[in-house]
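Student: Provided below: protein.pdb, containing PDB, C-alpha atoms and all ligand atoms.
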MODEL        1
ATOM      1  CA  MET A   1     -27.621 -69.746  51.047  1.00  0.00           C
ATOM      2  CA  SER A   2     -28.515 -67.577  48.105  1.00  0.00           C
ATOM      3  CA  ARG A   3     -28.693 -68.883  44.587  1.00  0.00           C
ATOM      4  CA  LYS A   4     -26.265 -67.936  41.868  1.00  0.00           C
ATOM      5  CA  VAL A   5     -27.468 -66.344  38.672  1.00  0.00           C
ATOM      6  CA  LEU A   6     -25.845 -66.846  35.287  1.00  0.00           C
ATOM      7  CA  ILE A   7     -26.339 -65.720  31.696  1.00  0.00           C
ATOM      8  CA  GLU A   8     -25.850 -67.995  28.710  1.00  0.00           C
ATOM      9  CA  THR A   9     -23.852 -65.309  26.982  1.00  0.00           C
ATOM     10  CA  GLU A  10     -23.880 -66.885  23.542  1.00  0.00           C
ATOM     11  CA  GLU A  11     -27.696 -66.663  23.516  1.00  0.00           C
ATOM     12  CA  CYS A  12     -27.885 -63.027  24.674  1.00  0.00           C
ATOM     13  CA  ILE A  13     -29.049 -60.556  22.007  1.00  0.00           C
ATOM     14  CA  GLY A  14     -27.985 -57.497  23.988  1.00  0.00           C
ATOM     15  CA  CYS A  15     -31.445 -55.993  24.495  1.00  0.00           C
ATOM     16  CA  GLN A  16     -30.408 -54.737  27.965  1.00  0.00           C
ATOM     17  CA  SER A  17     -33.798 -55.441  29.572  1.00  0.00           C
ATOM     18  CA  CYS A  18     -32.073 -57.226  32.427  1.00  0.00           C
ATOM     19  CA  VAL A  19     -29.646 -54.336  32.918  1.00  0.00           C
ATOM     20  CA  GLU A  20     -32.521 -51.851  33.103  1.00  0.00           C
ATOM     21  CA  LEU A  21     -34.543 -54.008  35.499  1.00  0.00           C
ATOM     22  CA  CYS A  22     -31.713 -55.037  37.777  1.00  0.00           C
ATOM     23  CA  PRO A  23     -28.619 -52.837  37.375  1.00  0.00           C
ATOM     24  CA  ASP A  24     -27.026 -54.089  40.600  1.00  0.00           C
ATOM     25  CA  VAL A  25     -26.893 -57.615  39.222  1.00  0.00           C
ATOM     26  CA  PHE A  26     -26.549 -57.236  35.458  1.00  0.00           C
ATOM     27  CA  GLY A  27     -24.074 -55.068  33.601  1.00  0.00           C
ATOM     28  CA  PHE A  28     -23.437 -54.570  29.909  1.00  0.00           C
ATOM     29  CA  ASP A  29     -20.283 -55.502  28.068  1.00  0.00           C
ATOM     30  CA  GLU A  30     -20.069 -52.735  25.463  1.00  0.00           C
ATOM     31  CA  ASP A  31     -17.385 -54.516  23.437  1.00  0.00           C
ATOM     32  CA  ALA A  32     -19.219 -57.829  23.231  1.00  0.00           C
ATOM     33  CA  GLU A  33     -22.654 -56.092  23.153  1.00  0.00           C
ATOM     34  CA  LYS A  34     -23.924 -58.646  25.629  1.00  0.00           C
ATOM     35  CA  ALA A  35     -25.120 -58.562  29.209  1.00  0.00           C
ATOM     36  CA  LYS A  36     -22.955 -59.930  31.998  1.00  0.00           C
ATOM     37  CA  VAL A  37     -23.549 -60.824  35.610  1.00  0.00           C
ATOM     38  CA  ILE A  38     -21.795 -58.363  37.906  1.00  0.00           C
ATOM     39  CA  MET A  39     -23.202 -59.778  41.149  1.00  0.00           C
ATOM     40  CA  GLU A  40     -23.620 -63.548  41.067  1.00  0.00           C
ATOM     41  CA  GLU A  41     -25.057 -63.945  44.528  1.00  0.00           C
ATOM     42  CA  GLY A  42     -27.015 -61.800  46.930  1.00  0.00           C
ATOM     43  CA  GLY A  43     -28.983 -59.697  44.442  1.00  0.00           C
ATOM     44  CA  ALA A  44     -32.695 -59.118  44.974  1.00  0.00           C
ATOM     45  CA  GLU A  45     -34.290 -62.375  43.835  1.00  0.00           C
ATOM     46  CA  ASP A  46     -37.627 -60.836  42.825  1.00  0.00           C
ATOM     47  CA  CYS A  47     -35.795 -58.445  40.551  1.00  0.00           C
ATOM     48  CA  ILE A  48     -33.642 -61.219  39.072  1.00  0.00           C
ATOM     49  CA  GLN A  49     -36.723 -63.374  38.526  1.00  0.00           C
ATOM     50  CA  GLU A  50     -38.411 -60.500  36.695  1.00  0.00           C
ATOM     51  CA  ALA A  51     -35.350 -60.135  34.476  1.00  0.00           C
ATOM     52  CA  MET A  52     -35.455 -63.890  33.753  1.00  0.00           C
ATOM     53  CA  ASP A  53     -39.115 -63.693  32.848  1.00  0.00           C
ATOM     54  CA  THR A  54     -38.545 -60.612  30.671  1.00  0.00           C
ATOM     55  CA  CYS A  55     -35.469 -61.810  28.772  1.00  0.00           C
ATOM     56  CA  PRO A  56     -36.640 -62.344  25.162  1.00  0.00           C
ATOM     57  CA  VAL A  57     -34.346 -65.311  24.621  1.00  0.00           C
ATOM     58  CA  GLU A  58     -34.683 -66.776  28.148  1.00  0.00           C
ATOM     59  CA  CYS A  59     -30.941 -67.010  28.625  1.00  0.00           C
ATOM     60  CA  ILE A  60     -30.815 -65.986  32.323  1.00  0.00           C
ATOM     61  CA  HIS A  61     -30.895 -68.912  34.747  1.00  0.00           C
ATOM     62  CA  TRP A  62     -30.348 -69.905  38.328  1.00  0.00           C
ATOM     63  CA  GLU A  63     -27.294 -72.091  38.653  1.00  0.00           C
ATOM     64  CA  LYS A  64     -28.357 -75.618  39.474  1.00  0.00           C
TER
HETATM   65  S1  LIG B 101     -32.527 -59.580  28.880  1.00  0.00           S
HETATM   66 FE1  LIG B 101     -31.548 -61.431  28.050  1.00  0.00          FE
HETATM   67  S2  LIG B 101     -31.098 -60.936  25.892  1.00  0.00           S
HETATM   68 FE2  LIG B 101     -31.532 -59.011  26.948  1.00  0.00          FE
HETATM   69  S3  LIG B 101     -29.487 -58.266  27.544  1.00  0.00           S
HETATM   70 FE3  LIG B 101     -30.324 -59.425  29.292  1.00  0.00          FE
HETATM   71  S4  LIG B 101     -29.538 -61.503  29.031  1.00  0.00           S
HETATM   72 FE4  LIG B 101     -29.279 -60.451  27.077  1.00  0.00          FE
ENDMDL
END
Turn the structure described in the file into structure tokens.
Ligand code: SF4
Tutor:
Amino acid sequence: MSRKVLIETEECIGCQSCVELCPDVFGFDEDAEKAKVIMEEGGAEDCIQEAMDTCPVECIHWEK
């Protein structure tokens, strides 16, 4: 079973690093100017992990 990824949206500063690294999994909400998860499960985990590690406010997490 694959893990689910989520973004703590209120923490996101809209830098779009995650969107650039992993466009299949993360999209950008232009109105809110924040990233959003467009594929919760099944995305490439190495790519998601890199996005987590790169996020300047560390607001991307695996769902527990
Ligand atoms: S890397 Fe983090 S702060 Fe930047 S857009 Fe993605 S979730 Fe938001």
Student: Please evaluate the PyMOL selection byres (((chain A and resi 58) around 12) and not hetatm) against the structure above and give the resulting residues as a count of residues only.
Tutor: 24
Student: Given the choices A:Glu45, A:Gly14, A:Glu63, A:Glu20, which gets closest to Ala32 of chain A if the distance is worked out from all atoms listed in the file?
Tutor: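 Distance minimum relative to Ala32 of chain A lands on A:Gly14.
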Student: Find, counting only C-alpha atoms and all ligand atoms, the residue in A:Ile48, A:Lys64, A:Lys4, A:Gly42 that gets nearest to ligand LIG 101 (chain B).
Tutor: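 For ligand LIG 101 (chain B), the nearest of the candidates is A:Ile48.
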Student: So the first atom is atom CA of Arg3 of chain A and the second is atom FE4 of ligand LIG 101 (chain B); what is the distance between them in Å, to one decimal place?
Tutor: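 A separation of 19.4 Å between them.
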Student: Using the chain letters and numbering of this document, enumerate as a JSON list (two decimals) with C-alpha atoms, in the frame of the given file the residues selected by the PyMOL selection byres (((chain A and resi 27) around 10) and not hetatm).
Tutor:
[["chain", "number", "residue", "atom", "x", "y", "z"],
["A", 16, "GLN", "CA", -30.41, -54.74, 27.96],
["A", 18, "CYS", "CA", -32.07, -57.23, 32.43],
["A", 19, "VAL", "CA", -29.65, -54.34, 32.92],
["A", 20, "GLU", "CA", -32.52, -51.85, 33.10],
["A", 22, "CYS", "CA", -31.71, -55.04, 37.78],
["A", 23, "PRO", "CA", -28.62, -52.84, 37.38],
["A", 24, "ASP", "CA", -27.03, -54.09, 40.60],
["A", 25, "VAL", "CA", -26.89, -57.62, 39.22],
["A", 26, "PHE", "CA", -26.55, -57.24, 35.46],
["A", 28, "PHE", "CA", -23.44, -54.57, 29.91],
["A", 29, "ASP", "CA", -20.28, -55.50, 28.07],
["A", 30, "GLU", "CA", -20.07, -52.74, 25.46],
["A", 34, "LYS", "CA", -23.92, -58.65, 25.63],
["A", 35, "ALA", "CA", -25.12, -58.56, 29.21],
["A", 36, "LYS", "CA", -22.96, -59.93, 32.00],
["A", 37, "VAL", "CA", -23.55, -60.82, 35.61],
["A", 38, "ILE", "CA", -21.80, -58.36, 37.91],
["A", 39, "MET", "CA", -23.20, -59.78, 41.15]]
Student: Around all the atoms of segment 31-38 of chain A listed in the file, draw an axis-aligned box and extend it by 6 Å on each of the six sides; I want its centre and edge lengths in Å to one decimal, as lines of an AutoDock Vina configuration file.
Tutor:
center_x = -21.3
center_y = -57.7
center_z = 30.5
size_x = 19.7
size_y = 18.3
size_z = 26.8
Student: Just add all heavy atoms to segment 13-24 of chain A and send it as a PDB file, keeping the file's coordinate frame.
Tutor:
ATOM      1  N   ILE A  13     -28.971 -61.419  23.183  1.00  0.00           N
ATOM      2  CA  ILE A  13     -29.049 -60.556  22.007  1.00  0.00           C
ATOM      3  C   ILE A  13     -28.799 -59.088  22.353  1.00  0.00           C
ATOM      4  O   ILE A  13     -28.976 -58.200  21.532  1.00  0.00           O
ATOM      5  CB  ILE A  13     -30.408 -60.703  21.287  1.00  0.00           C
ATOM      6  CG1 ILE A  13     -31.574 -60.386  22.240  1.00  0.00           C
ATOM      7  CG2 ILE A  13     -30.556 -62.119  20.707  1.00  0.00           C
ATOM      8  CD1 ILE A  13     -32.922 -60.227  21.521  1.00  0.00           C
ATOM      9  N   GLY A  14     -28.405 -58.846  23.600  1.00  0.00           N
ATOM     10  CA  GLY A  14     -27.985 -57.497  23.988  1.00  0.00           C
ATOM     11  C   GLY A  14     -29.099 -56.478  24.096  1.00  0.00           C
ATOM     12  O   GLY A  14     -28.868 -55.283  23.917  1.00  0.00           O
ATOM     13  N   CYS A  15     -30.313 -56.921  24.426  1.00  0.00           N
ATOM     14  CA  CYS A  15     -31.445 -55.993  24.495  1.00  0.00           C
ATOM     15  C   CYS A  15     -31.384 -55.087  25.727  1.00  0.00           C
ATOM     16  O   CYS A  15     -32.045 -54.063  25.789  1.00  0.00           O
ATOM     17  CB  CYS A  15     -32.753 -56.766  24.488  1.00  0.00           C
ATOM     18  SG  CYS A  15     -33.102 -57.596  26.057  1.00  0.00           S
ATOM     19  N   GLN A  16     -30.632 -55.491  26.724  1.00  0.00           N
ATOM     20  CA  GLN A  16     -30.408 -54.737  27.965  1.00  0.00           C
ATOM     21  C   GLN A  16     -31.616 -54.650  28.893  1.00  0.00           C
ATOM     22  O   GLN A  16     -31.614 -53.854  29.831  1.00  0.00           O
ATOM     23  CB  GLN A  16     -29.863 -53.326  27.679  1.00  0.00           C
ATOM     24  CG  GLN A  16     -28.525 -53.358  26.948  1.00  0.00           C
ATOM     25  CD  GLN A  16     -27.763 -52.054  27.037  1.00  0.00           C
ATOM     26  OE1 GLN A  16     -27.606 -51.486  28.108  1.00  0.00           O
ATOM     27  NE2 GLN A  16     -27.285 -51.576  25.898  1.00  0.00           N
ATOM     28  N   SER A  17     -32.653 -55.432  28.649  1.00  0.00           N
ATOM     29  CA  SER A  17     -33.798 -55.441  29.572  1.00  0.00           C
ATOM     30  C   SER A  17     -33.363 -55.788  30.980  1.00  0.00           C
ATOM     31  O   SER A  17     -33.788 -55.152  31.951  1.00  0.00           O
ATOM     32  CB  SER A  17     -34.836 -56.483  29.147  1.00  0.00           C
ATOM     33  OG  SER A  17     -35.391 -56.131  27.927  1.00  0.00           O
ATOM     34  N   CYS A  18     -32.505 -56.792  31.094  1.00  0.00           N
ATOM     35  CA  CYS A  18     -32.073 -57.226  32.427  1.00  0.00           C
ATOM     36  C   CYS A  18     -31.267 -56.132  33.119  1.00  0.00           C
ATOM     37  O   CYS A  18     -31.398 -55.936  34.332  1.00  0.00           O
ATOM     38  CB  CYS A  18     -31.261 -58.512  32.317  1.00  0.00           C
ATOM     39  SG  CYS A  18     -29.797 -58.384  31.265  1.00  0.00           S
ATOM     40  N   VAL A  19     -30.473 -55.413  32.354  1.00  0.00           N
ATOM     41  CA  VAL A  19     -29.646 -54.336  32.918  1.00  0.00           C
ATOM     42  C   VAL A  19     -30.542 -53.207  33.437  1.00  0.00           C
ATOM     43  O   VAL A  19     -30.299 -52.649  34.505  1.00  0.00           O
ATOM     44  CB  VAL A  19     -28.663 -53.800  31.850  1.00  0.00           C
ATOM     45  CG1 VAL A  19     -27.745 -52.735  32.442  1.00  0.00           C
ATOM     46  CG2 VAL A  19     -27.844 -54.936  31.253  1.00  0.00           C
ATOM     47  N   GLU A  20     -31.596 -52.904  32.679  1.00  0.00           N
ATOM     48  CA  GLU A  20     -32.521 -51.851  33.103  1.00  0.00           C
ATOM     49  C   GLU A  20     -33.310 -52.264  34.336  1.00  0.00           C
ATOM     50  O   GLU A  20     -33.530 -51.465  35.242  1.00  0.00           O
ATOM     51  CB  GLU A  20     -33.491 -51.513  31.959  1.00  0.00           C
ATOM     52  CG  GLU A  20     -32.825 -50.681  30.889  1.00  0.00           C
ATOM     53  CD  GLU A  20     -33.678 -50.558  29.631  1.00  0.00           C
ATOM     54  OE1 GLU A  20     -34.906 -50.700  29.714  1.00  0.00           O
ATOM     55  OE2 GLU A  20     -33.084 -50.333  28.566  1.00  0.00           O
ATOM     56  N   LEU A  21     -33.727 -53.528  34.374  1.00  0.00           N
ATOM     57  CA  LEU A  21     -34.543 -54.008  35.499  1.00  0.00           C
ATOM     58  C   LEU A  21     -33.724 -54.157  36.777  1.00  0.00           C
ATOM     59  O   LEU A  21     -34.214 -53.913  37.873  1.00  0.00           O
ATOM     60  CB  LEU A  21     -35.164 -55.362  35.162  1.00  0.00           C
ATOM     61  CG  LEU A  21     -36.376 -55.343  34.246  1.00  0.00           C
ATOM     62  CD1 LEU A  21     -36.645 -56.736  33.707  1.00  0.00           C
ATOM     63  CD2 LEU A  21     -37.591 -54.811  34.975  1.00  0.00           C
ATOM     64  N   CYS A  22     -32.499 -54.556  36.646  1.00  0.00           N
ATOM     65  CA  CYS A  22     -31.713 -55.037  37.777  1.00  0.00           C
ATOM     66  C   CYS A  22     -30.244 -54.621  37.641  1.00  0.00           C
ATOM     67  O   CYS A  22     -29.357 -55.467  37.517  1.00  0.00           O
ATOM     68  CB  CYS A  22     -31.818 -56.551  37.728  1.00  0.00           C
ATOM     69  SG  CYS A  22     -32.186 -57.341  39.240  1.00  0.00           S
ATOM     70  N   PRO A  23     -29.981 -53.316  37.665  1.00  0.00           N
ATOM     71  CA  PRO A  23     -28.619 -52.837  37.375  1.00  0.00           C
ATOM     72  C   PRO A  23     -27.568 -53.229  38.409  1.00  0.00           C
ATOM     73  O   PRO A  23     -26.371 -53.160  38.119  1.00  0.00           O
ATOM     74  CB  PRO A  23     -28.783 -51.313  37.304  1.00  0.00           C
ATOM     75  CG  PRO A  23     -30.044 -51.016  38.022  1.00  0.00           C
ATOM     76  CD  PRO A  23     -30.927 -52.212  37.878  1.00  0.00           C
ATOM     77  N   ASP A  24     -28.005 -53.637  39.601  1.00  0.00           N
ATOM     78  CA  ASP A  24     -27.026 -54.089  40.600  1.00  0.00           C
ATOM     79  C   ASP A  24     -26.463 -55.465  40.240  1.00  0.00           C
ATOM     80  O   ASP A  24     -25.372 -55.831  40.672  1.00  0.00           O
ATOM     81  CB  ASP A  24     -27.669 -54.215  41.990  1.00  0.00           C
ATOM     82  CG  ASP A  24     -28.036 -52.860  42.554  1.00  0.00           C
ATOM     83  OD1 ASP A  24     -27.499 -51.850  42.059  1.00  0.00           O
ATOM     84  OD2 ASP A  24     -28.854 -52.810  43.479  1.00  0.00           O
TER      85      ASP A  24
END
